[in-house]
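Worksheet: the structure to be examined is printed underneath.
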Amino acid sequence: KHGRSKRYLLAKNLVDKTKAYSLDAGVKLLRQVSTTKFDSSVEIHLNLTCDKLSGEISLPHGTGKKLKVEIASDAVLAKIKDGVIDFDILVAEPKFMPKLAQYAKLLGPKGLMPNPKTNTISDQPEAIKTKLEAGATRYKSEPKAPLIHLVIGKLSFKDDQLVDNLKAVIKTILPKNIASAYICSSMSPSIKLQTS
């Protein structure tokens with residue numbers, strides 16, 4: 001069985017598993033326990049008190065990943081037809097959906113098919129595109145468990161930017177819906193947070 005690295009185990013010893021840290025303290029500790037040499041993503045993992053939860057969060061500082069949002073057009077369809085998918089999110093006007101239907105088998109499994117539940121079908125696709133590019137993030141609890149996993153930034157963010165993004169997540173999902181919350185970065189131990 002593959003064991004954890006020395007660095008990981010040393011980092012893990014810095015985290016008090018019996019304690020829930022304030023957002024500020026949690027972010028500071030995360031910097032101490034992150035062992036990667038690259039700019040890791042920072043994630044929050046929520047255990048929920050309810051089964052199904054989904055919606056949209058605007059992270060004040062985005063996730064650190066620039067999303068490429070494309071608006072469905074004949075030119076975009078031609079690229080999809082040629083097997084070129086060079087976007088993260090596809091937004092479409094309702095009248096354009098019949099043309100997109102033939103690509104549902106290709107786009108659906110990748111989570112790229114525009115749909116009303118993800119607010120990617122709109123009479124104002126430009127407005128949706130702007131909002132999504134500005135850091136609006138969709139969240140949805142897992143189908144088989146009351147859990148939500150979200151990227152809320154990068155380790156290169158300033159402490160207060162990560163704290164602002166954490167606050168936005170907790171405020172949007174609501175403390176009453178959160179049984180427990182943990183943050184971690186790529187390959188770091190997790191840190192329990194206070195959410196109230």
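Letters A, B, ... go to the chains of the structure tokens in the order shown; residues in each chain start at 1; ligands are counted from 1 in the same order.
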Q.
So that I can check the surroundings of Ala92 (chain A), please list as an NGL selection string every protein, DNA and RNA residue that reaches within 8 Å of it, counting only C-alpha atoms and ignoring chain neighbours fewer than 6 positions away.
A. :A and (71-72 or 114 or 120-122 or 125)
Got time to write the residues from that selection, C-alpha atoms, as a CSV table (one decimal), in the first residue's frame?
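File produced: result35.csv:
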chain,number,residue,atom,x,y,z
A,71,ILE,CA,-22.2,31.7,-27.2
A,72,ALA,CA,-23.8,29.2,-29.5
A,114,PRO,CA,-26.8,24.4,-22.4
A,120,THR,CA,-27.0,28.6,-19.8
A,121,ILE,CA,-30.1,29.1,-21.9
A,122,SER,CA,-31.1,32.8,-22.1
A,125,PRO,CA,-26.6,35.3,-23.7
Q: Step one, run DSSP on the backbone; step two, keep only residues of chain A assigned to strand (DSSP E); then write them as an NGL selection string.
A: :A and (41-48 or 54-58 or 69-71 or 89-91 or 136-140 or 147-154 or 178-185 or 191-193)
Region 96-165 of chain A residues near region 47-53 of chain A within 8 Å, closest pair each, using only C-alpha atoms, as a Markdown table:
| residue | atom | partner | partner_atom | distance |
| --- | --- | --- | --- | --- |
| A:Tyr139 | CA | A:Leu53 | CA | 8.0 |
| A:Lys140 | CA | A:Leu53 | CA | 5.7 |
| A:Ser141 | CA | A:Leu53 | CA | 5.4 |
| A:Glu142 | CA | A:Lys52 | CA | 7.9 |
| A:Pro143 | CA | A:Lys52 | CA | 7.9 |
| A:Ala145 | CA | A:Asp51 | CA | 7.2 |
| A:Pro146 | CA | A:Asp51 | CA | 5.0 |
| A:Leu147 | CA | A:Asn47 | CA | 4.8 |
| A:Ile148 | CA | A:Asn47 | CA | 6.8 |
Output all heavy atoms for every residue in that selection, as a PDB file, in the first residue's frame.
ATOM      1  N   TYR A 139     -22.962  25.380  -8.282  1.00  0.00           N
ATOM      2  CA  TYR A 139     -22.685  24.313  -7.323  1.00  0.00           C
ATOM      3  C   TYR A 139     -23.866  23.366  -7.291  1.00  0.00           C
ATOM      4  O   TYR A 139     -24.996  23.763  -7.567  1.00  0.00           O
ATOM      5  CB  TYR A 139     -22.379  24.855  -5.923  1.00  0.00           C
ATOM      6  CG  TYR A 139     -23.553  25.548  -5.269  1.00  0.00           C
ATOM      7  CD1 TYR A 139     -24.483  24.840  -4.517  1.00  0.00           C
ATOM      8  CD2 TYR A 139     -23.726  26.925  -5.404  1.00  0.00           C
ATOM      9  CE1 TYR A 139     -25.556  25.473  -3.924  1.00  0.00           C
ATOM     10  CE2 TYR A 139     -24.798  27.568  -4.813  1.00  0.00           C
ATOM     11  CZ  TYR A 139     -25.703  26.838  -4.074  1.00  0.00           C
ATOM     12  OH  TYR A 139     -26.773  27.470  -3.496  1.00  0.00           O
ATOM     13  N   LYS A 140     -23.583  22.118  -6.975  1.00  0.00           N
ATOM     14  CA  LYS A 140     -24.631  21.116  -6.926  1.00  0.00           C
ATOM     15  C   LYS A 140     -24.165  20.000  -6.012  1.00  0.00           C
ATOM     16  O   LYS A 140     -23.031  19.547  -6.113  1.00  0.00           O
ATOM     17  CB  LYS A 140     -24.865  20.580  -8.340  1.00  0.00           C
ATOM     18  CG  LYS A 140     -26.060  19.678  -8.447  1.00  0.00           C
ATOM     19  CD  LYS A 140     -26.287  19.282  -9.894  1.00  0.00           C
ATOM     20  CE  LYS A 140     -27.521  18.408  -9.951  1.00  0.00           C
ATOM     21  NZ  LYS A 140     -27.629  17.637 -11.129  1.00  0.00           N
ATOM     22  N   SER A 141     -25.051  19.563  -5.113  1.00  0.00           N
ATOM     23  CA  SER A 141     -24.656  18.466  -4.238  1.00  0.00           C
ATOM     24  C   SER A 141     -24.539  17.189  -5.060  1.00  0.00           C
ATOM     25  O   SER A 141     -25.163  17.051  -6.105  1.00  0.00           O
ATOM     26  CB  SER A 141     -25.662  18.290  -3.091  1.00  0.00           C
ATOM     27  OG  SER A 141     -26.966  18.191  -3.602  1.00  0.00           O
ATOM     28  N   GLU A 142     -23.711  16.280  -4.573  1.00  0.00           N
ATOM     29  CA  GLU A 142     -23.504  15.021  -5.301  1.00  0.00           C
ATOM     30  C   GLU A 142     -24.801  14.226  -5.354  1.00  0.00           C
ATOM     31  O   GLU A 142     -25.587  14.255  -4.420  1.00  0.00           O
ATOM     32  CB  GLU A 142     -22.419  14.197  -4.608  1.00  0.00           C
ATOM     33  CG  GLU A 142     -21.039  14.737  -4.866  1.00  0.00           C
ATOM     34  CD  GLU A 142     -19.958  13.810  -4.344  1.00  0.00           C
ATOM     35  OE1 GLU A 142     -20.255  12.651  -3.993  1.00  0.00           O
ATOM     36  OE2 GLU A 142     -18.815  14.266  -4.286  1.00  0.00           O
ATOM     37  N   PRO A 143     -25.016  13.469  -6.452  1.00  0.00           N
ATOM     38  CA  PRO A 143     -26.271  12.733  -6.600  1.00  0.00           C
ATOM     39  C   PRO A 143     -26.483  11.688  -5.500  1.00  0.00           C
ATOM     40  O   PRO A 143     -27.595  11.450  -5.061  1.00  0.00           O
ATOM     41  CB  PRO A 143     -26.150  12.051  -7.962  1.00  0.00           C
ATOM     42  CG  PRO A 143     -24.840  12.437  -8.543  1.00  0.00           C
ATOM     43  CD  PRO A 143     -24.139  13.362  -7.613  1.00  0.00           C
ATOM     44  N   ALA A 145     -24.777  11.573  -2.402  1.00  0.00           N
ATOM     45  CA  ALA A 145     -24.400  11.959  -1.039  1.00  0.00           C
ATOM     46  C   ALA A 145     -24.582  13.465  -0.854  1.00  0.00           C
ATOM     47  O   ALA A 145     -24.433  14.234  -1.804  1.00  0.00           O
ATOM     48  CB  ALA A 145     -22.941  11.587  -0.783  1.00  0.00           C
ATOM     49  N   PRO A 146     -24.904  13.901   0.383  1.00  0.00           N
ATOM     50  CA  PRO A 146     -25.103  15.340   0.616  1.00  0.00           C
ATOM     51  C   PRO A 146     -23.758  16.076   0.747  1.00  0.00           C
ATOM     52  O   PRO A 146     -23.399  16.557   1.818  1.00  0.00           O
ATOM     53  CB  PRO A 146     -25.915  15.369   1.911  1.00  0.00           C
ATOM     54  CG  PRO A 146     -25.524  14.119   2.633  1.00  0.00           C
ATOM     55  CD  PRO A 146     -25.169  13.102   1.584  1.00  0.00           C
ATOM     56  N   LEU A 147     -23.018  16.142  -0.341  1.00  0.00           N
ATOM     57  CA  LEU A 147     -21.695  16.778  -0.343  1.00  0.00           C
ATOM     58  C   LEU A 147     -21.599  17.780  -1.485  1.00  0.00           C
ATOM     59  O   LEU A 147     -22.171  17.562  -2.550  1.00  0.00           O
ATOM     60  CB  LEU A 147     -20.597  15.720  -0.571  1.00  0.00           C
ATOM     61  CG  LEU A 147     -20.487  14.575   0.423  1.00  0.00           C
ATOM     62  CD1 LEU A 147     -19.554  13.498  -0.111  1.00  0.00           C
ATOM     63  CD2 LEU A 147     -19.981  15.089   1.755  1.00  0.00           C
ATOM     64  N   ILE A 148     -20.844  18.854  -1.247  1.00  0.00           N
ATOM     65  CA  ILE A 148     -20.520  19.807  -2.318  1.00  0.00           C
ATOM     66  C   ILE A 148     -19.014  20.035  -2.291  1.00  0.00           C
ATOM     67  O   ILE A 148     -18.436  20.220  -1.217  1.00  0.00           O
ATOM     68  CB  ILE A 148     -21.256  21.154  -2.130  1.00  0.00           C
ATOM     69  CG1 ILE A 148     -22.758  20.979  -2.366  1.00  0.00           C
ATOM     70  CG2 ILE A 148     -20.701  22.226  -3.073  1.00  0.00           C
ATOM     71  CD1 ILE A 148     -23.586  22.231  -2.143  1.00  0.00           C
TER      72      ILE A 148
END
Q.
Among region 2-188 of chain A, which ones does DSSP assign to alpha helix (DSSP H) (computed from the backbone)? Answer as a ChimeraX atom specification.
A. /A:6-13,23-33,74-81,97-100,104-107,125-133,159-173
Q.
Excluding Thr18 (chain A) and its own-chain neighbours fewer than 3 positions away, which residues fall within 10 Å of it when counting only C-alpha atoms? Please give them as an MDAnalysis selection string.
A. chainID A and resid 15 21 192
Q) Counting only C-alpha atoms, what is within 10 Å of Ser40 (chain A), bar same-chain residues fewer than 6 positions away, as a ChimeraX atom specification? A) /A:34,153-156,184-188
Could the residues in this selection be saved with N, CA, C and O atoms as a short mmCIF file (atom, residue, chain, number, x, y, z; two decimals), in the first residue's frame?
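The result, written out as part37.cif:
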data_model
loop_
_atom_site.label_atom_id
_atom_site.label_comp_id
_atom_site.auth_asym_id
_atom_site.auth_seq_id
_atom_site.Cartn_x
_atom_site.Cartn_y
_atom_site.Cartn_z
N SER A 34 0.40 23.23 2.91
CA SER A 34 0.42 22.96 1.47
C SER A 34 1.84 22.62 1.05
O SER A 34 2.76 23.40 1.29
N GLY A 153 -10.39 29.21 -5.32
CA GLY A 153 -9.26 30.08 -5.60
C GLY A 153 -7.97 29.31 -5.74
O GLY A 153 -7.97 28.09 -5.91
N LYS A 154 -6.87 30.04 -5.68
CA LYS A 154 -5.53 29.47 -5.79
C LYS A 154 -4.72 29.87 -4.57
O LYS A 154 -5.00 30.89 -3.95
N LEU A 155 -3.67 29.11 -4.29
CA LEU A 155 -2.80 29.46 -3.16
C LEU A 155 -2.12 30.81 -3.38
O LEU A 155 -1.70 31.46 -2.43
N SER A 156 -1.99 31.23 -4.64
CA SER A 156 -1.35 32.52 -4.93
C SER A 156 -2.25 33.70 -4.56
O SER A 156 -1.80 34.84 -4.52
N CYS A 184 -8.89 22.55 1.71
CA CYS A 184 -7.60 21.93 1.43
C CYS A 184 -7.10 22.50 0.12
O CYS A 184 -7.84 23.16 -0.60
N SER A 185 -5.83 22.25 -0.16
CA SER A 185 -5.31 22.59 -1.48
C SER A 185 -4.90 21.26 -2.11
O SER A 185 -4.97 20.22 -1.46
N SER A 186 -4.47 21.30 -3.35
CA SER A 186 -4.08 20.05 -4.02
C SER A 186 -3.09 19.29 -3.14
O SER A 186 -2.05 19.83 -2.78
N MET A 187 -3.43 18.07 -2.78
CA MET A 187 -2.56 17.17 -2.03
C MET A 187 -2.21 17.64 -0.61
O MET A 187 -1.24 17.19 -0.03
N SER A 188 -2.99 18.55 -0.04
CA SER A 188 -2.72 18.94 1.36
C SER A 188 -3.72 18.24 2.26
O SER A 188 -4.77 17.79 1.81
#
